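**Student:** Pasting a structure here, questions to come.
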Protein chains: 2
Amino acid sequence: MGAGYRAQAERNGWSDGGAMEFPNTGDFLAGRLRDKLSQDDLEFIESLVAETRQGETGDVLLSRGAVTEQSTILISGYIFRTIESDNRRFIVGVHVPGDFVDLHGFALKRLDHSIVAAGPITYGIAPHERLRDALEHRPRVARALWFATLLDAAIHRKWIQMLEQLDAPRRIAHIYCELHRRFELVGQANARSLRTPFTQIDLADMCGVSAIHANRAVGKLRELELAEIRRGDLYTSDWDALRAYAQFQADYLYGDGPLRFDQDWL
Amino acid sequence: MGAGYRAQAERNGWSDGGAMEFPNTGDFLAGRLRDKLSQDDLEFIESLVAETRQGETGDVLLSRGAVTEQSTILISGYIFRTIESDNRRFIVGVHVPGDFVDLHGFALKRLDHSIVAAGPITYGIAPHERLRDALEHRPRVARALWFATLLDAAIHRKWIQMLEQLDAPRRIAHIYCELHRRFELVGQANARSLRTPFTQIDLADMCGVSAIHANRAVGKLRELELAEIRRGDLYTSDWDALRAYAQFQADYLYGDGPLRFDQDWL
DNA sequence: GCCTGAAACTAACATGCATCAGTAGACGGT
DNA sequence: ACCGTCTACTGATGCATGTTAGTTTCAGGC
């Protein structure tokens, strides 16, 4: 095999050609809520970011149990929410550019989990002082922040169902389908691929299976000709077939049609 | 066996004597946030409840996909959050008296899951109109509502970890330990038992295992002399041993010590 | 007291996944 | 170019869990 992977990807029409590049500007702030907010509110949200930083794979932005006075906004790359227990790591969530990563640390004193870079990242720092100000004087921004945490909770619930219902290959497929849809919602999805820095160990820790079994699950997706996962990057010629296999229904991401945000109470 | 269960419970010092009764007044509203709010705010929250209703096992208070103009506050009994898929039911969350059950339906237009009575319940109805009013004129109440949804998200994350890390007997033990602690936090826990209306099918749907395997798991807890689960009611003489077995750490429930709520920005 | 249905339970066999023990390929450092 | 380390991959074996097909227990209705 080895060099045969890319050849097979070509044969199956999986390759996308180039790599997807994340913009490294602040164009993502507020992510999918962007078009629900006024220009004034958007500028205000951008002004929340006091500083922009870079991070590398494995960097711990916030440790479980830490008390923090700032929140993090992901600008490019992927971030894991992790819990260490029993000398093992469990990944309980993934974030994509545009996400506020630790708003819960703003209202809950301690953090119940850690925030870790899944690969090279760029992120912004928003001091809580400025968020407090927003909550008091910007009701629309305040509701946008609440909405973001509710959306996180909906994604958590889907992960619970996924872990209860699906076997390992389907869990991996579901995670990629979800991330692909989340990129679509901020206009950054590729037609035939999804680039990530995830190792098979990362996939295993997200799915609650051993790394060895994650490897077999990846192999099964390849064998079924549904997707080729190579160094974290997924290539497929048929997202619909992959979604059907994973029983992926995107409704829980609330991407289609109006949210309550359209109403005037916001 | 059969009639021997209760006898064994007596022998092991598991029995608690009487059943725990939930108060059927509104004393639970706002649950554990109660002592963080002023008398005035509490009276306001109680005034949110326009009506009190009763429900029976299996009653669907809200269906997935429904658009609702009211929120639900649980006063007595248990409520499940469920998702139907593949002709199977998956339980993604449980609520105890004092919990706001569907605040997410207030900000997210559709519901991504259903709200179902796990047994006989009493609940209050809070029209969204009144909640909207609260968000605008009662900043402390607004933050309390946000906090409640953040706490739900923290519990969701723990369930994800639980499903990734634990085998079926430990999952069941963990769920009971969590519920016991949540009752403690509102001052309603029994020393040696936890009464619930859960069937083994309910436990299976919470743990993501088959009903038959849930039965084996219950049997294992009995065999290890950690707990006796009988028609949903759990009896134990040693909560600490059960907690150790389930690797239950209560910190994610944020019950010990100050939350940010103590600070003046609330 | 008996009937009935739901829940709890049992046994036998099939499959998913963990674990152990290793090999092979990719990448960075020197 | 070499080496060490991390990631990807393979096979064998055992445990956890699913599935099928039942039996037993129990609470409630008649």
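Here's how to read the names in the structure tokens: chain A, B, ... by the order shown, residue numbers from 1 in each chain, ligand numbers from 1 in the order shown.
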Report as a PyMOL selection string: the residues of range 152-197 of chain B with a DSSP assignment of helix (DSSP H, G or I), based on the backbone of this structure.
**Tutor:** chain B and resi 152-165+168-185
**Student:** Using only C-alpha atoms, which residues of chain B come within 8 Å of chain A, and what is the closest atom pair for each, with the distance in Å to one decimal? Give it as a Markdown table, sorted by chain and residue number.
**Tutor:**
| residue | atom | partner | partner_atom | distance |
| --- | --- | --- | --- | --- |
| B:Ile83 | CA | A:Gln161 | CA | 7.6 |
| B:Phe90 | CA | A:Gln161 | CA | 6.2 |
| B:Ile91 | CA | A:Gln161 | CA | 7.6 |
| B:Val92 | CA | A:Arg157 | CA | 5.9 |
| B:His104 | CA | A:Leu150 | CA | 6.3 |
| B:Phe106 | CA | A:Arg260 | CA | 7.9 |
| B:Ala107 | CA | A:Arg260 | CA | 5.7 |
| B:Leu108 | CA | A:Leu259 | CA | 5.7 |
| B:Lys109 | CA | A:Leu259 | CA | 5.0 |
| B:Arg110 | CA | A:Leu259 | CA | 7.9 |
| B:Asp112 | CA | A:Tyr252 | CA | 5.5 |
| B:Arg132 | CA | A:Trp265 | CA | 7.2 |
| B:Trp146 | CA | A:Trp146 | CA | 6.6 |
| B:Phe147 | CA | A:Ala107 | CA | 6.6 |
| B:Thr149 | CA | A:Leu150 | CA | 7.1 |
| B:Leu150 | CA | A:His104 | CA | 6.2 |
| B:Asp152 | CA | A:Ala153 | CA | 7.5 |
| B:Ala153 | CA | A:Ala153 | CA | 5.0 |
| B:Ala154 | CA | A:Asp112 | CA | 7.1 |
| B:His156 | CA | A:His156 | CA | 6.0 |
| B:Arg157 | CA | A:Val92 | CA | 5.9 |
| B:Trp159 | CA | A:Ile160 | CA | 6.9 |
| B:Ile160 | CA | A:Ile160 | CA | 5.5 |
| B:Gln161 | CA | A:Phe90 | CA | 6.2 |
| B:Leu163 | CA | A:Leu163 | CA | 6.6 |
| B:Glu164 | CA | A:Gly208 | CA | 3.9 |
| B:Gln165 | CA | A:Gly208 | CA | 6.4 |
| B:Asp205 | CA | A:Glu164 | CA | 7.9 |
| B:Met206 | CA | A:Glu164 | CA | 7.9 |
| B:Cys207 | CA | A:Glu164 | CA | 6.7 |
| B:Gly208 | CA | A:Glu164 | CA | 3.9 |
| B:Val209 | CA | A:Glu164 | CA | 7.2 |
| B:Asp251 | CA | A:Asp112 | CA | 7.4 |
| B:Tyr252 | CA | A:Asp112 | CA | 5.5 |
| B:Tyr254 | CA | A:Leu108 | CA | 7.8 |
| B:Pro258 | CA | A:Lys109 | CA | 7.4 |
| B:Leu259 | CA | A:Lys109 | CA | 5.0 |
| B:Arg260 | CA | A:Lys109 | CA | 5.1 |
| B:Phe261 | CA | A:Ala107 | CA | 7.5 |
| B:Trp265 | CA | A:Arg132 | CA | 7.2 |
**Student:** So that I can check the surroundings of DA21 in chain D, please list as a list in words every protein, DNA and RNA residue that reaches within 12 Å of it, counting only C-alpha atoms (C1' of nucleotides) and ignoring chain neighbours fewer than 3 positions away.
**Tutor:**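 Here the answer would be DT10, DA11, DA12 and DC13 of chain C.
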**Student:** Residues of chain C near chain A: apply a cut-off of 12 Å, count only C-alpha atoms (C1' of nucleotides), and supply the list as a ChimeraX atom specification.
**Tutor:** /C:15-20,24-26
**Student:** With a distance threshold of 9 Å and counting only C-alpha atoms (C1' of nucleotides), extract the residues of chain D near chain B and express them as an MDAnalysis selection string.
**Tutor:** chainID D and resid 16:18 25
**Student:** Please, which residues of range 45-115 of chain A, numbered as in this document, come out strand (DSSP E or B) from DSSP, as a PyMOL selection string?
**Tutor:** chain A and resi 51-55+60-62+67+70-76+79-85+88-95+100+110+114-115
**Student:** Output N, CA, C and O atoms for every residue in that selection, as a CSV table (one decimal), in the first residue's frame.
**Tutor:**
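Once everything was written out, this is selection.csv:
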chain,number,residue,atom,x,y,z
A,51,GLU,N,-6.1,40.5,21.9
A,51,GLU,CA,-4.8,40.0,21.5
A,51,GLU,C,-5.0,38.8,20.7
A,51,GLU,O,-5.9,38.0,20.9
A,52,THR,N,-4.1,38.5,19.7
A,52,THR,CA,-4.2,37.3,18.9
A,52,THR,C,-2.9,36.5,19.1
A,52,THR,O,-1.8,37.1,19.2
A,53,ARG,N,-3.1,35.2,19.3
A,53,ARG,CA,-1.9,34.3,19.6
A,53,ARG,C,-1.9,33.1,18.7
A,53,ARG,O,-2.9,32.7,18.1
A,54,GLN,N,-0.7,32.5,18.6
A,54,GLN,CA,-0.5,31.2,17.9
A,54,GLN,C,-0.4,30.1,18.9
A,54,GLN,O,0.1,30.3,20.0
A,55,GLY,N,-0.7,28.9,18.4
A,55,GLY,CA,-0.5,27.7,19.3
A,55,GLY,C,-0.1,26.5,18.4
A,55,GLY,O,-0.4,26.5,17.2
A,60,VAL,N,-1.8,23.5,25.8
A,60,VAL,CA,-3.0,23.5,26.7
A,60,VAL,C,-3.3,25.0,26.9
A,60,VAL,O,-2.6,25.7,27.6
A,61,LEU,N,-4.4,25.4,26.4
A,61,LEU,CA,-4.8,26.8,26.5
A,61,LEU,C,-5.4,27.1,27.9
A,61,LEU,O,-5.2,28.1,28.5
A,62,LEU,N,-6.2,26.1,28.4
A,62,LEU,CA,-6.7,26.2,29.7
A,62,LEU,C,-6.8,24.9,30.4
A,62,LEU,O,-7.2,23.9,29.7
A,67,VAL,N,-9.0,28.7,37.2
A,67,VAL,CA,-9.9,29.9,37.2
A,67,VAL,C,-9.3,30.9,36.2
A,67,VAL,O,-8.1,31.2,36.3
A,70,GLN,N,-10.3,35.3,31.3
A,70,GLN,CA,-10.4,35.6,29.8
A,70,GLN,C,-11.0,34.4,29.1
A,70,GLN,O,-11.0,33.3,29.6
A,71,SER,N,-11.6,34.8,28.0
A,71,SER,CA,-12.2,33.7,27.1
A,71,SER,C,-11.5,33.6,25.8
A,71,SER,O,-10.8,34.6,25.4
A,72,THR,N,-11.6,32.5,25.1
A,72,THR,CA,-10.8,32.2,23.9
A,72,THR,C,-11.8,32.1,22.7
A,72,THR,O,-12.8,31.5,22.8
A,73,ILE,N,-11.4,32.8,21.6
A,73,ILE,CA,-12.1,32.7,20.3
A,73,ILE,C,-11.2,32.0,19.3
A,73,ILE,O,-10.1,32.6,19.1
A,74,LEU,N,-11.6,30.9,18.7
A,74,LEU,CA,-10.7,30.2,17.8
A,74,LEU,C,-10.8,30.9,16.4
A,74,LEU,O,-11.9,31.2,15.9
A,75,ILE,N,-9.7,31.2,15.8
A,75,ILE,CA,-9.6,31.9,14.5
A,75,ILE,C,-9.2,31.0,13.4
A,75,ILE,O,-9.8,31.0,12.3
A,76,SER,N,-8.2,30.1,13.6
A,76,SER,CA,-7.9,29.1,12.6
A,76,SER,C,-7.4,27.8,13.3
A,76,SER,O,-6.8,27.8,14.4
A,79,ILE,N,-9.6,22.9,18.0
A,79,ILE,CA,-9.4,22.8,19.4
A,79,ILE,C,-10.2,21.7,20.0
A,79,ILE,O,-11.4,21.5,19.6
A,80,PHE,N,-9.6,20.9,20.9
A,80,PHE,CA,-10.3,19.8,21.6
A,80,PHE,C,-10.7,20.3,23.0
A,80,PHE,O,-10.0,21.0,23.7
A,81,ARG,N,-11.9,19.9,23.5
A,81,ARG,CA,-12.2,19.9,24.9
A,81,ARG,C,-11.9,18.5,25.5
A,81,ARG,O,-12.4,17.5,25.0
A,82,THR,N,-11.0,18.4,26.4
A,82,THR,CA,-10.6,17.1,26.9
A,82,THR,C,-10.7,17.0,28.4
A,82,THR,O,-10.7,18.0,29.2
A,83,ILE,N,-10.9,15.8,28.9
A,83,ILE,CA,-10.9,15.4,30.3
A,83,ILE,C,-9.9,14.3,30.5
A,83,ILE,O,-9.9,13.3,29.8
A,84,GLU,N,-9.0,14.5,31.5
A,84,GLU,CA,-8.0,13.4,31.8
A,84,GLU,C,-8.6,12.6,33.0
A,84,GLU,O,-9.1,13.2,33.9
A,85,SER,N,-8.5,11.3,32.9
A,85,SER,CA,-9.0,10.5,34.0
A,85,SER,C,-8.3,9.1,33.8
A,85,SER,O,-8.3,8.6,32.7
A,88,ARG,N,-5.9,8.4,31.1
A,88,ARG,CA,-6.3,8.4,29.7
A,88,ARG,C,-6.9,9.8,29.4
A,88,ARG,O,-7.3,10.5,30.3
A,89,ARG,N,-6.9,10.1,28.1
A,89,ARG,CA,-7.5,11.3,27.7
A,89,ARG,C,-8.8,11.1,27.0
A,89,ARG,O,-8.9,10.2,26.2
A,90,PHE,N,-9.9,11.9,27.4
A,90,PHE,CA,-11.2,11.7,26.7
A,90,PHE,C,-11.5,13.1,26.0
A,90,PHE,O,-11.4,14.1,26.7
A,91,ILE,N,-11.8,13.0,24.8
A,91,ILE,CA,-12.2,14.2,24.1
A,91,ILE,C,-13.7,14.3,24.1
A,91,ILE,O,-14.4,13.4,23.6
A,92,VAL,N,-14.2,15.4,24.6
A,92,VAL,CA,-15.7,15.6,24.8
A,92,VAL,C,-16.2,16.6,23.8
A,92,VAL,O,-17.4,16.9,23.9
A,93,GLY,N,-15.4,17.2,23.0
A,93,GLY,CA,-15.9,18.2,22.1
A,93,GLY,C,-14.8,18.7,21.2
A,93,GLY,O,-13.6,18.6,21.5
A,94,VAL,N,-15.2,19.2,20.0
A,94,VAL,CA,-14.2,19.8,19.0
A,94,VAL,C,-14.7,21.2,18.6
A,94,VAL,O,-15.9,21.4,18.5
A,95,HIS,N,-13.8,22.1,18.4
A,95,HIS,CA,-14.2,23.4,17.9
A,95,HIS,C,-13.5,23.8,16.6
A,95,HIS,O,-12.4,23.4,16.4
A,100,PHE,N,-16.6,30.5,20.0
A,100,PHE,CA,-16.1,30.9,21.3
A,100,PHE,C,-15.9,29.6,22.1
A,100,PHE,O,-16.8,28.8,22.2
A,110,ARG,N,-14.9,27.4,38.0
A,110,ARG,CA,-13.8,26.5,37.6
A,110,ARG,C,-14.2,26.0,36.2
A,110,ARG,O,-15.4,26.0,35.8
A,114,SER,N,-10.3,20.6,30.0
A,114,SER,CA,-9.2,21.4,29.5
A,114,SER,C,-9.5,21.8,28.0
A,114,SER,O,-10.3,21.1,27.3
A,115,ILE,N,-8.8,22.8,27.6
A,115,ILE,CA,-8.9,23.3,26.2
A,115,ILE,C,-7.5,23.1,25.6
A,115,ILE,O,-6.5,23.7,26.0
**Student:** Using only C-alpha atoms (C1' of nucleotides), which residues sit within 8 Å of Pro120 in chain A once same-chain residues fewer than 3 positions away are excluded, as a list in words?
**Tutor:**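 These residues fall inside the cut-off: Gln54, Gly55, Glu56, Thr57, Gly77, Tyr78 and Ala117 of chain A.
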**Student:** What does the structure give for the distance between CA of Ile125 in chain B and CA of Leu194 in chain B, in Å to one decimal?
**Tutor:** 26.8 Å
**Student:** As an exercise, work out the distance from CA of Leu226 in chain A to CA of His180 in chain A in Å and give it to one decimal place.
**Tutor:**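 Between CA of Leu226 in chain A and CA of His180 in chain A the gap is 14.9 Å.
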**Student:** CA of Cys177 in chain B and CA of Ala118 in chain B, how far apart in Å?
**Tutor:**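 Those two atoms sit 17.9 Å apart.
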